[in-house]
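Take a look at the structure below.
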Amino acid sequence: MVTELFIARRLFSVKEKKHHLSGRIITIAVAGISLGITLMLVAVAVVTGFKKEIRDKVFGFGSHIQVVNFDSNISYETAPVNANQPFLSRLKNIRNIESVSPFATKPGIIKTGENIQGIVLKGVDSHYNWDFFAANLIRGKIPDLSGQRSSGVLVSEQLCSLLLLKLDDPLFMYFVNENEKVPRIRQFRICGIYRTNLQEFDNLFVMGDLRQVQHINNWDSLKVSGFEIKIRDFKDMEESTMQVRQMVTSYNTQPGSTLRTIAINHKYPQIFDWLSILDTNVWVILTLMVLVAGFNMISALLVLILERSRMIGTLKALGAPDSSIRNIFLYLSAFLISRGLIAGNLLAVALMLLQKHFHFLRLDPTSYYMDVVPVHLSFHHFILLNAGALIITLLMLIAPSLYISRISPDKTLRFD
């Protein structure tokens with residue numbers, strides 16, 4: 001093995017003359033591998049970034065896990081639950097849980113002159129984590145909920161455009177309660193405008209004070225629609241949901257207090273099912289790129305074998321077995337593939353850094369839910385893609401390397 005590796009390294013370090021056929025074909029093969037791994041890394045980075053951006057936006061509106069009344073439906077007209085639940089203090093013992101916040105929702109209508117738009121007023125308390133909306137805030141400020149009941153609300157840029165509203169404008173909302181013939185009218189003030197480009201949510205949610213929703217619903221201060229639970233690692237969301245569900249169920253002992261736990265990907269399955277379909281596109285790209293790189297290396301390997309036929313004949317005459325000679329060329333191929341992978345990685349990283357910092361590739365937010373092409377690639381993606389490309393390409397070279405056994409020493413050494 002040491003001898004085979006030594007010969008392969010010597011062959012790899014030899015500078016092929018430009019007029020040699022092998023030199024040109026090897027250059028083309030290495031360039032093909034470089035472009036292939038670049039496309040694979042960029043494709044995975046873009047799809048991963050796209051999925052992460054969409055998931056984070058959905059999580060920003062509804063968190064990762066919700067605990068609500070079992071009788072609640074998807075209309076946002078929720079049945080109340082007690083805000084002082086015995087399991088709340090014990091949720092902090094679950095390792096993956098980052099925060100728990102009460103919330104309340106109330107469907108309503110915004111009317112401005114001739115324009116009408118159905119919305120959902122979502123109320124949160126003073127301990128709510130505003131990081132998501134702060135990151136997407138384009139004008140104004142986050143509502144201050146630390147004092148008395150606040151009339152300030154966050155409204156999306158899309159809603160402001162539809163209803164011809166601007167910052168600090170009064171906002172009149174109409175709400176209908178059960179057994180009330182006359183709708184309730186509440187005046188709010190637009191203290192901030194956000195934009196996430198997720199139109200289904202931007203056109204729906206108005207963020208405000210939890211106490212406002214409680215007052216509109218005739219609830220006391222101990223009634224809420226439910227609890228939003230934020231977790232640290234999305235990969236463990238199913239496990240965390242089961243842990244929360246078991247803990248919540250164990251405390252549902254009072255009549256009429258039955259709660260249900262629902263993960264956000266089950267509440268909005270159409271979005272997450274659509275995101276999972278994108279993985280199919282990535283696998284198609286990866287498969288095609290690996291096949292192209294493999295066939296490029298097959299042609300390069302065959303040319304190398306033919307050009308080094310005298311060396312192969314000499315090694316066979318000295319008693320080297322075919323398997324040992326095949327290993328020499330497989331090692332040489334591994335060196336060439338590694339050269340292409342390194343160049344492709346450097347090019348991919350450069351392109352992703354340029355896109356991340358300068359946003360030279362832009363998108364139509366009405367179609368793609370974001371205005372720039374996102375890129376996100378973790379270190380283990382780099383390792384898996386490079387290792388997978390190297391291993392699969394080498395496996396494809398095993399069959400053509402068997403051609404070495406057909407080379408006869410007497411014919412190659414007799415040839416001048």
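Residues in the structure tokens are numbered from 1 in each chain, the chains being A, B, ... in the order shown, and ligands are numbered from 1 in the order shown.
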
Looking only at alpha helix (DSSP H) from DSSP on the backbone, list the matching residues of range 20-70 of chain A as a PyMOL selection string.
-> chain A and resi 21-62

Give me the residues within 10 Å of Asn281 in chain A as an MDAnalysis selection string, counting only C-alpha atoms and dropping any in the same chain fewer than 5 places off.
-> chainID A and resid 43:44 47 276 286

Dump of N, CA and C atoms for the selected residues, as a PDB file, in the first residue's frame:
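Heads up, here's the output in again.pdb:
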ATOM      1  N   ALA A  43     -26.492  24.705  -4.529  1.00  0.00           N
ATOM      2  CA  ALA A  43     -27.880  24.237  -4.552  1.00  0.00           C
ATOM      3  C   ALA A  43     -28.366  23.880  -3.156  1.00  0.00           C
ATOM      4  N   VAL A  44     -27.550  23.150  -2.408  1.00  0.00           N
ATOM      5  CA  VAL A  44     -27.938  22.776  -1.044  1.00  0.00           C
ATOM      6  C   VAL A  44     -28.039  24.014  -0.158  1.00  0.00           C
ATOM      7  N   VAL A  47     -31.345  25.990  -1.132  1.00  0.00           N
ATOM      8  CA  VAL A  47     -32.566  25.312  -0.683  1.00  0.00           C
ATOM      9  C   VAL A  47     -32.635  25.280   0.843  1.00  0.00           C
ATOM     10  N   SER A 276     -40.837  20.357   2.180  1.00  0.00           N
ATOM     11  CA  SER A 276     -40.224  19.025   2.100  1.00  0.00           C
ATOM     12  C   SER A 276     -40.081  18.553   0.656  1.00  0.00           C
ATOM     13  N   LEU A 286     -28.019  16.811  -7.138  1.00  0.00           N
ATOM     14  CA  LEU A 286     -26.846  16.114  -6.613  1.00  0.00           C
ATOM     15  C   LEU A 286     -26.534  14.871  -7.435  1.00  0.00           C
TER      16      LEU A 286
END

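Using only C-alpha atoms, the shortest contact distance between Met352 in chain A and any of A:Val375, A:Val303, A:Phe272, A:Glu98 is found at A:Val375.
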
Find the residues around Val224 in chain A up to 6 Å (only C-alpha atoms counted), leave out those fewer than 3 positions away in its own chain, and share them as a PDB file with N, CA and C atoms, in the first residue's frame.
ATOM      1  N   PRO A  80     -61.321  30.049  25.714  1.00  0.00           N
ATOM      2  CA  PRO A  80     -60.279  30.460  26.664  1.00  0.00           C
ATOM      3  C   PRO A  80     -59.803  29.312  27.543  1.00  0.00           C
ATOM      4  N   VAL A  81     -58.569  29.464  28.021  1.00  0.00           N
ATOM      5  CA  VAL A  81     -58.002  28.545  29.010  1.00  0.00           C
ATOM      6  C   VAL A  81     -57.438  29.378  30.157  1.00  0.00           C
ATOM      7  N   ALA A  83     -54.820  30.953  32.531  1.00  0.00           N
ATOM      8  CA  ALA A  83     -53.420  31.342  32.351  1.00  0.00           C
ATOM      9  C   ALA A  83     -52.518  30.746  33.409  1.00  0.00           C
ATOM     10  N   ALA A 104     -53.391  35.490  22.941  1.00  0.00           N
ATOM     11  CA  ALA A 104     -54.830  35.450  22.670  1.00  0.00           C
ATOM     12  C   ALA A 104     -55.075  36.023  21.283  1.00  0.00           C
TER      13      ALA A 104
END

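Each of A:Ile142, A:Leu259, A:Leu210, A:Met242 was compared to Ala79 in chain A using only C-alpha atoms, and A:Leu259 turns out to be the nearest.
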
Show which residues sit within 6 Å of Ala8 in chain A, as a PyMOL selection string. Count only C-alpha atoms, and ignore same-chain residues fewer than 6 positions away.
-> chain A and resi 328+331-332

Just-selected residues, C-alpha atoms written as a compact mmCIF listing (two decimals), in the first residue's frame:
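What landed in part34.txt:
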# COMPACT_ATOMS: atom_id res chain seq x y z
CA ILE A 328 -2.09 3.12 -7.98
CA TYR A 331 -5.06 6.71 -5.61
CA LEU A 332 -4.07 8.98 -8.49
